[in-house]
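Here is the structure we will look at, set down as structure tokens.
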Amino acid sequence: MSSVHTLPRPNFLVSLSIIDWLYTALLWSGAFYAFNQYGQYMDSYEKSFLFGFAAIFSVMGWLWKPLRILIVTTGVTSLLAIIDYHSDLSRAQHAFFLKYLFASQSAIMWMSTLFVLATLTYWLALATRSKFAGVVASGLTWSAVAMGIIGLLVRWYESYLISPDVGHIPISNLYEVFVLFSIITALLYLYYEARYANRTLGAFVLPIITAAVGFLLWYAFDRHAQNIQPLVPALQSYWMKLHVPANFIGYGSFSLAAMVAVAWLLASRGILASRLPSLDVLDDLMYKSISVGFGFFTIATILGALWAAEAWGGYWSWDPKETWALIVWLNYAAWLHIRLVKGLRGAFLAWWAVIGLFVTVFAFLGVNMFLSGLHSYGTL
Amino acid sequence: MRFAISLFSLLAIASVIGTVLKQNQPYADYIIKFGQYWFTAFKWLGLFDVYHTWWFVTILAFLVISTSTCIYRNLPAMLRDMRNFREQATEQSLRHFHHQAEFSTQGNPLPSLKEYLTHQGFQYRERIQGDSVLLAGKKGSFNRLGYMFTHSAIVMICLGGLIDGNLPLQFEQAFGLKHIETRDIPVSQVPAISRLSVNNLSFRGNVTLPEGSSADVVFLNVGDGYLVQELPFRVGLKKFHIEHYSTGQPKAFASEIQVFDKGSNQPVMTRTITVNHPLIYKGIAIYQSSFGDGGTHFKLKAWDLSKNQTSWLPFAGSVHDQSPLDVDGQHLNVEFGDFHPFNIQDAGMSTPSKTSFGGNAVADHKNLRNEGPSFEYKLRTPDGQAREYSNYMLPILIDGRWFMVSGMRTMPNQPYHYLRMPLDPQFTLDGFMRLRAAMLTPSLYPEIAKRFAQSVLPHNINAQQQLIRSTIKELTLFSKDGYSGLSDFIEHNIPANQRDQAAQAYLKILELSAWQAYVITQTQAGQALPTMNDATGWFLRDSLNAINDSLYYGAPVYLQLSSFDQVQSSGLQLTRSPGKNIVFFGSFLLVLGVFTMFFVQERRLWLLLKPGHLLFAMSANRVTLDFETEFTQRCEHLADLIKEF
């Protein structure tokens with residue numbers, strides 16, 4: 001009779017370990033410390049963000065254990081980097097740790113390098129079926145993500161050092177959102193890698209991150225896009241902090257799905273089939289990724305509408321970016337309908353997911369390059 | 001379903017057209033771009049305002065109807081199904097399940113099975129039939145609500161959008177109840193047929209208010225004209241201001257506005273609105289949308305360039321206004337364009353850009369320089385011809401020397417050609433203007449030429465006479481056509497192999513004559529005698545260039561801005577959109593629905609217990625990989641449970 005209670009319980013609060021609780025305690029004490037120190041300068045949005053994220057990160061860490069290490073490491077390292085600045089921006093050029101590791105620009109360069117290395121290592125792992133190479137590749141990807149997050153957090157602080165009124169969250173231009181895109185796509189991939197206990201897909205997903213990194217480097221070296229610019233009036237809004245990350249969870253998921261679809265298409269023709277997960281697993285991953293992406297893309301578009309209602313005088317202006325967001329949304333809505341209602345599987349959906357990536361990339365970059373409109377922040 | 005997908009696709013294609021073709025531009029632009037034939041065709045299809053055409057709205061309406069029908073047809077069955085435990089399932093039907101397993105049992109595992117279901121979050125019904133007991137369990141049934149939420153959300157969002165779209169207006173236009181005004185006339189003269197009443201359900205209109213003015217209407221741009229929307233209040237602009245970051249980029253656009261009661265004309269509210277912070281009053285939202293010049297007043301010096309004049313006349317005008325100007329017997333009309341209080345120029349990087357690695361992410365120290373105010377005007381002659389000018393108020397430093405700069409162009413969209421007039425040591429234009437007058441006054445040429453000849457050939461009288469003649473000739477040529485007059489002369493009179501040398505000599509003569517002219521004019525004006533040094537040399541060369549350019553300036557007058565009184569204007573957008581809340585509620589439902597659909601898993605299971613025998617079957621509305629895994633797990637759980645007995 002008692003064996004019922006030894007089965008896995010749906011109630012997972014009970015299943016949390018002491019480390020989970022320590023982690024949570026650390027997060028919340030950090031939040032309370034920050035509140036105690038700076039609460040008087042915060043408005044109600046900032047207070048709710050502070051505690052809201054303490055809660056969200058707690059739960060996320062419980063659900064996916066490695067995230068705890070990532071959050072604590074990046075948090076502590078960023079704080080150390082910030083302290084090392086001694087409120088003097090010019091230290092980025094000469095203080096050793098800042099110059100070579102943790103000044104935002106250096107950290108982002110490290111991220112870029114690590115992502116490229118991770119891609120190569122994943123390819124090596126796929127080619128040689130080496131378990132060890134796979135583990136190394138995962139490690140490199142985790143490190144790249146950590147450096148990216150540190151880079152953004154430190155950049156956030158640096159923007160305030162330029163001038164308090166210039167300070168803003170670093171997700172306001174193409175350069176910054178490409179870093180965000182790389183981080184989010186890599187994290188999504190790492191989650192699925194752990195969940196399916198299979199490292200071979202890194203060889204497919206990491207190249208798209210490397211492509212983003214390539215763009216990032218070109219953008220930094222050729223256009224000096226790494227410079228922090230103050231926010232134009234239209235972007236000075238709380239909605240940005242929610243709208244942009246939600247959008248990039250969507251973009252990241254859609255990219256991931258497309259790359260898994262490429263793997264599916266190859267495996268279905270017998271290419272690398274013995275090294276890749278089964279077609280069913282790939283198909284399931286593609287579906288999950290698109291549904292997650294669709295959920296967040298829906299949220300992002302709605303947040304965008306709420307913001308537009310406040311900034312532009314209407315929740316929907318048929319601005320090219322809005323319209324393309326709608327097209328992306330309709331595209332994946334149709335994909336999901338075909339799969340769920342018609343029960344269709346296989347090559348057709350895989351091809352569609354790949355084409356979906358092109359639609360998404362157009363909505364993300366093409367609109368900025370070829371069409372003009374209200375979303376003119378990220379012009380190339 | 002297929003119908004809905006087709007509608008979705010149509011909607012997507014129409015949307016793409018709308019993004020590729022820039023919407024709501026002036027009709028003239030489209031005619032230039034596509035030609036009359038395609039313009040007419042595109043206009044008939046409504047491609048210049050795709051999202052408000054009858055066919056686009058019809059697709060939306062069909063989508064609403066089709067989705068509503070879908071909900072209406074599926075909802076009752078779905079609700080029934082949600083509540084139903086399907087405890088009527090027979091053994092035979094369970095055996096037909098794809099996911100089913102059988103176990104042999106000892107004793108009575110029923111209580112333990114029940115406990116298992118509760119423990120795993122299932123609700124269940126129990127049905128006893130003879131010696132068999134059926135436990136029918138389900139969980140996550142509200143997954144089905146996701147369907148209902150998302151689909152009704154689509155209906156709500158579309159309906160809200162249709163309410164806020166200009167549907168009623170389109171009807172009124174189609175039946176001739178409203179007429180688009182295309183004339184540029186004062187608001188008070190716009191006839192009632194082009195006016196929309198205060199009670200209009202939804203609108204999105206614009207109005208531009210100069211500082212100190214107010215309005216009780218807004219304008220709705222429709223096609224190639226506009227409609228006038230009456231407001232239930234009057235809105236006035238007290239002050240518009242722009243805040244800047246230390247780097248010069250705009251930080252905030254803010255309008256201090258006042259709302260007046262329409263009846264009593266008393267102010268009821270004063271607020272500052274900025275981008276992202278509108279004011280909502282009586283259900284109408286007032287947004288900061290654009291800004292411009294509201295009629296800045298200028299005080300100007302009109303330098304007469306027509307003759308050998310050295311003086312200026314006082315002149316005045318305002319932005320977007322016209323002032324008549326009589327110069328040299330010509331009746332000119334000055335049409336003032338925009339005024340720019342700042343002209344931030346990037347004078348190139350002052351420091352070489354830093355390496356990307358190890359450097360910090362500070363904005364580069366660009367060599368930004370504010371060149372000061374500038375203003376634009378058109379100078380129209382009585383025959384209707386006009387040239388455009390753009391003049392800077394303050395001197396500009398070019399190659400280490402200071403100039404007054406005026407741009408001229410004959411066609412819009414062309415780049416300006418700049419006239420650069422050098423400043424004299426007193427930092428005024430007077431020195432240049434006097435020199436210019438002298439260089440263009442033929443009666444002075446003998447004197448200039450004589451002085452020049454004496455200075456270079458003090459002892460040779462004959463040669464002096466010859467040099468005087470050729471200098472007068474050269475000055476006359478220059479005064480007519482500038483440098484090109486000289487080069488034409490050289491080309492026609494001097495053999496090719498000597499032209500370079502001749503050109504050098506002619507330039508020298510011109511410069512030295514200019515020096516003499518400068519000495520004469522400075523003396524006449526009672527100024528200190530100029531000294532021959534580098535600075536004066538540059539001044540003379542720059543003056544000659546400017547005199548040459550002034551011959552092609554195309555205007556008998558140069559307007560120098562001496563002071564201004566800035567008046568700004570703010571573009572406000574006023575909207576009333578009752579559909580907004582419906583759309584937002586719909587959006588909320590959509591998110592709720594999407595997440596319910598994807599992340600709540602529906603599960604049903606049946607445990608048919610017969611003496612010594614257990615039949616287990618499981619189903620879900622979507623068979624996924626997770627479901628397969630769960631089925632295997634549950635089989636193991638059940639096997640474990642039963643083993644106890």
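Just so we're on the same page: first chain in the structure tokens is A, next is B, and so on; residues restart at 1 for each chain, and ligands are numbered from 1 in the order they show up.
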
I'd like the neighbourhood of B:Ile520 as an NGL selection string, where a residue qualifies if any of its atoms comes within 9 Å (using only C-alpha atoms), though same-chain residues fewer than 3 positions away should be ignored. :B and (435 or 438 or 448 or 515-517 or 523-525 or 529)

Keeping only N, CA, C and O atoms, write the selected residues to a file as a PDB file, in the first residue's frame.
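The resulting file, part.pdb, is shown below:
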ATOM      1  N   LEU B 435      34.708  95.082 -50.809  1.00  0.00           N
ATOM      2  CA  LEU B 435      35.639  94.587 -51.833  1.00  0.00           C
ATOM      3  C   LEU B 435      34.866  94.100 -53.059  1.00  0.00           C
ATOM      4  O   LEU B 435      35.223  94.373 -54.205  1.00  0.00           O
ATOM      5  N   ALA B 438      33.662  96.942 -55.070  1.00  0.00           N
ATOM      6  CA  ALA B 438      34.747  97.567 -55.829  1.00  0.00           C
ATOM      7  C   ALA B 438      35.111  96.721 -57.046  1.00  0.00           C
ATOM      8  O   ALA B 438      35.302  97.235 -58.153  1.00  0.00           O
ATOM      9  N   ILE B 448      42.333 100.952 -59.760  1.00  0.00           N
ATOM     10  CA  ILE B 448      42.890  99.688 -59.245  1.00  0.00           C
ATOM     11  C   ILE B 448      44.068  99.254 -60.114  1.00  0.00           C
ATOM     12  O   ILE B 448      45.152  98.934 -59.616  1.00  0.00           O
ATOM     13  N   TRP B 515      43.923  92.995 -53.994  1.00  0.00           N
ATOM     14  CA  TRP B 515      44.624  93.612 -52.867  1.00  0.00           C
ATOM     15  C   TRP B 515      44.515  95.128 -52.953  1.00  0.00           C
ATOM     16  O   TRP B 515      44.167  95.799 -51.976  1.00  0.00           O
ATOM     17  N   GLN B 516      44.747  95.674 -54.160  1.00  0.00           N
ATOM     18  CA  GLN B 516      44.651  97.116 -54.334  1.00  0.00           C
ATOM     19  C   GLN B 516      43.232  97.603 -54.067  1.00  0.00           C
ATOM     20  O   GLN B 516      43.015  98.598 -53.371  1.00  0.00           O
ATOM     21  N   ALA B 517      42.271  96.845 -54.593  1.00  0.00           N
ATOM     22  CA  ALA B 517      40.863  97.230 -54.379  1.00  0.00           C
ATOM     23  C   ALA B 517      40.528  97.225 -52.893  1.00  0.00           C
ATOM     24  O   ALA B 517      39.827  98.102 -52.386  1.00  0.00           O
ATOM     25  N   THR B 523      40.341 102.061 -47.067  1.00  0.00           N
ATOM     26  CA  THR B 523      40.650 103.466 -46.810  1.00  0.00           C
ATOM     27  C   THR B 523      39.379 104.300 -46.886  1.00  0.00           C
ATOM     28  O   THR B 523      39.107 105.130 -46.011  1.00  0.00           O
ATOM     29  N   GLN B 524      38.606 104.060 -47.934  1.00  0.00           N
ATOM     30  CA  GLN B 524      37.359 104.828 -48.094  1.00  0.00           C
ATOM     31  C   GLN B 524      36.434 104.639 -46.896  1.00  0.00           C
ATOM     32  O   GLN B 524      35.777 105.571 -46.456  1.00  0.00           O
ATOM     33  N   ALA B 525      36.414 103.440 -46.383  1.00  0.00           N
ATOM     34  CA  ALA B 525      35.498 103.165 -45.263  1.00  0.00           C
ATOM     35  C   ALA B 525      36.073 103.624 -43.935  1.00  0.00           C
ATOM     36  O   ALA B 525      35.460 103.434 -42.879  1.00  0.00           O
ATOM     37  N   LEU B 529      44.468 100.419 -42.542  1.00  0.00           N
ATOM     38  CA  LEU B 529      45.022  99.858 -43.771  1.00  0.00           C
ATOM     39  C   LEU B 529      45.348  98.381 -43.549  1.00  0.00           C
ATOM     40  O   LEU B 529      45.957  98.018 -42.531  1.00  0.00           O
TER      41      LEU B 529
END

Against stretch 26-45 of chain A, which residues of stretch 171-282 of chain A fall within 12 Å? For each one I want the closest pair of atoms and the distance in Å (one decimal), counting only C-alpha atoms, rows by chain and increasing residue number, as CSV.
residue,atom,partner,partner_atom,distance
A:Ser237,CA,A:Tyr45,CA,10.9
A:Tyr238,CA,A:Tyr45,CA,7.9
A:Trp239,CA,A:Tyr45,CA,10.5
A:Lys241,CA,A:Tyr45,CA,10.9
A:Leu242,CA,A:Tyr45,CA,11.7

What residues in stretch 119-290 of chain A get the DSSP label alpha helix (DSSP H)? Please answer as a PyMOL selection string. chain A and resi 119-128+131-162+174-196+202-223+239-268+279-290

At most 7 Å is the cut-off: for each residue in chain A with any atom that close to an atom of chain B, write down the nearest atom pair and the distance in Å rounded to one decimal, counting only C-alpha atoms, chain first then increasing number, as JSON lines.
{"residue": "A:Met1", "atom": "CA", "partner": "B:Ser112", "partner_atom": "CA", "distance": 6.2}
{"residue": "A:Ser3", "atom": "CA", "partner": "B:Leu641", "partner_atom": "CA", "distance": 6.8}
{"residue": "A:Val4", "atom": "CA", "partner": "B:Tyr116", "partner_atom": "CA", "distance": 6.0}
{"residue": "A:Arg9", "atom": "CA", "partner": "B:Gln120", "partner_atom": "CA", "distance": 6.7}
{"residue": "A:Pro10", "atom": "CA", "partner": "B:Gln120", "partner_atom": "CA", "distance": 6.3}
{"residue": "A:Ala92", "atom": "CA", "partner": "B:Asn360", "partner_atom": "CA", "distance": 5.4}
{"residue": "A:Gln93", "atom": "CA", "partner": "B:Gly359", "partner_atom": "CA", "distance": 5.3}
{"residue": "A:Lys99", "atom": "CA", "partner": "B:Gly358", "partner_atom": "CA", "distance": 4.4}
{"residue": "A:Tyr100", "atom": "CA", "partner": "B:Gly358", "partner_atom": "CA", "distance": 5.7}
{"residue": "A:Ala103", "atom": "CA", "partner": "B:Asn360", "partner_atom": "CA", "distance": 6.4}
{"residue": "A:Ser104", "atom": "CA", "partner": "B:Asn360", "partner_atom": "CA", "distance": 7.0}
{"residue": "A:Gln105", "atom": "CA", "partner": "B:Asn360", "partner_atom": "CA", "distance": 6.0}
{"residue": "A:Ser106", "atom": "CA", "partner": "B:Gly358", "partner_atom": "CA", "distance": 5.2}
{"residue": "A:Met109", "atom": "CA", "partner": "B:Phe357", "partner_atom": "CA", "distance": 6.9}
{"residue": "A:Ile162", "atom": "CA", "partner": "B:Val362", "partner_atom": "CA", "distance": 6.8}
{"residue": "A:Phe221", "atom": "CA", "partner": "B:Ser356", "partner_atom": "CA", "distance": 6.9}
{"residue": "A:Gln226", "atom": "CA", "partner": "B:Ala361", "partner_atom": "CA", "distance": 6.0}
{"residue": "A:Asn227", "atom": "CA", "partner": "B:Ala363", "partner_atom": "CA", "distance": 4.7}
{"residue": "A:Ile228", "atom": "CA", "partner": "B:Ala363", "partner_atom": "CA", "distance": 5.3}
{"residue": "A:Gln229", "atom": "CA", "partner": "B:Ala363", "partner_atom": "CA", "distance": 6.2}
{"residue": "A:Val232", "atom": "CA", "partner": "B:Lys251", "partner_atom": "CA", "distance": 6.1}
{"residue": "A:Pro233", "atom": "CA", "partner": "B:Ala252", "partner_atom": "CA", "distance": 5.3}
{"residue": "A:Ala234", "atom": "CA", "partner": "B:Val275", "partner_atom": "CA", "distance": 5.9}
{"residue": "A:Ser237", "atom": "CA", "partner": "B:Asn276", "partner_atom": "CA", "distance": 6.7}
{"residue": "A:Asp284", "atom": "CA", "partner": "B:Leu625", "partner_atom": "CA", "distance": 6.4}
{"residue": "A:Ser291", "atom": "CA", "partner": "B:Phe598", "partner_atom": "CA", "distance": 6.6}
{"residue": "A:Gly295", "atom": "CA", "partner": "B:Val594", "partner_atom": "CA", "distance": 6.1}
{"residue": "A:Thr298", "atom": "CA", "partner": "B:Val591", "partner_atom": "CA", "distance": 6.7}
{"residue": "A:Ile299", "atom": "CA", "partner": "B:Val591", "partner_atom": "CA", "distance": 6.4}
{"residue": "A:Ile302", "atom": "CA", "partner": "B:Ser587", "partner_atom": "CA", "distance": 6.4}
{"residue": "A:Glu310", "atom": "CA", "partner": "B:Asn276", "partner_atom": "CA", "distance": 5.2}
{"residue": "A:Ala311", "atom": "CA", "partner": "B:Asn276", "partner_atom": "CA", "distance": 4.1}
{"residue": "A:Gly313", "atom": "CA", "partner": "B:Tyr287", "partner_atom": "CA", "distance": 6.0}
{"residue": "A:Pro320", "atom": "CA", "partner": "B:Thr19", "partner_atom": "CA", "distance": 4.9}
{"residue": "A:Thr323", "atom": "CA", "partner": "B:Ser15", "partner_atom": "CA", "distance": 6.2}
{"residue": "A:Ile327", "atom": "CA", "partner": "B:Ala12", "partner_atom": "CA", "distance": 5.5}
{"residue": "A:Leu330", "atom": "CA", "partner": "B:Phe8", "partner_atom": "CA", "distance": 6.7}
{"residue": "A:Ala334", "atom": "CA", "partner": "B:Ile5", "partner_atom": "CA", "distance": 6.8}
{"residue": "A:Leu371", "atom": "CA", "partner": "B:Val20", "partner_atom": "CA", "distance": 6.9}

Got a sec: who's within 10 Å of stretch 186-194 of chain A, counting only C-alpha atoms, leaving out chain neighbours fewer than 2 positions off, as number ranges by chain? A: 64, 66-67, 115, 138, 141-142, 144-145, 180-184, 196-202, 205-206, 208-209, 249, 252-253, 256-257, 285, 288-289, 292

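Between atom CA of A:Pro277 and atom CA of B:Thr629 the interatomic distance comes to 15.6 Å.
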
If you run DSSP on this backbone, which residues of stretch 350-497 of chain B come out as strand (DSSP E or B), and could you give them as JSON, numbers by chain? {"B": [366, 367, 368, 369, 370, 374, 375, 376, 377, 378, 379, 380, 386, 387, 388, 389, 390, 391, 392, 396, 397, 398, 401, 402, 403, 404, 405, 406, 407, 408, 409, 417, 418, 419, 420, 421, 422]}
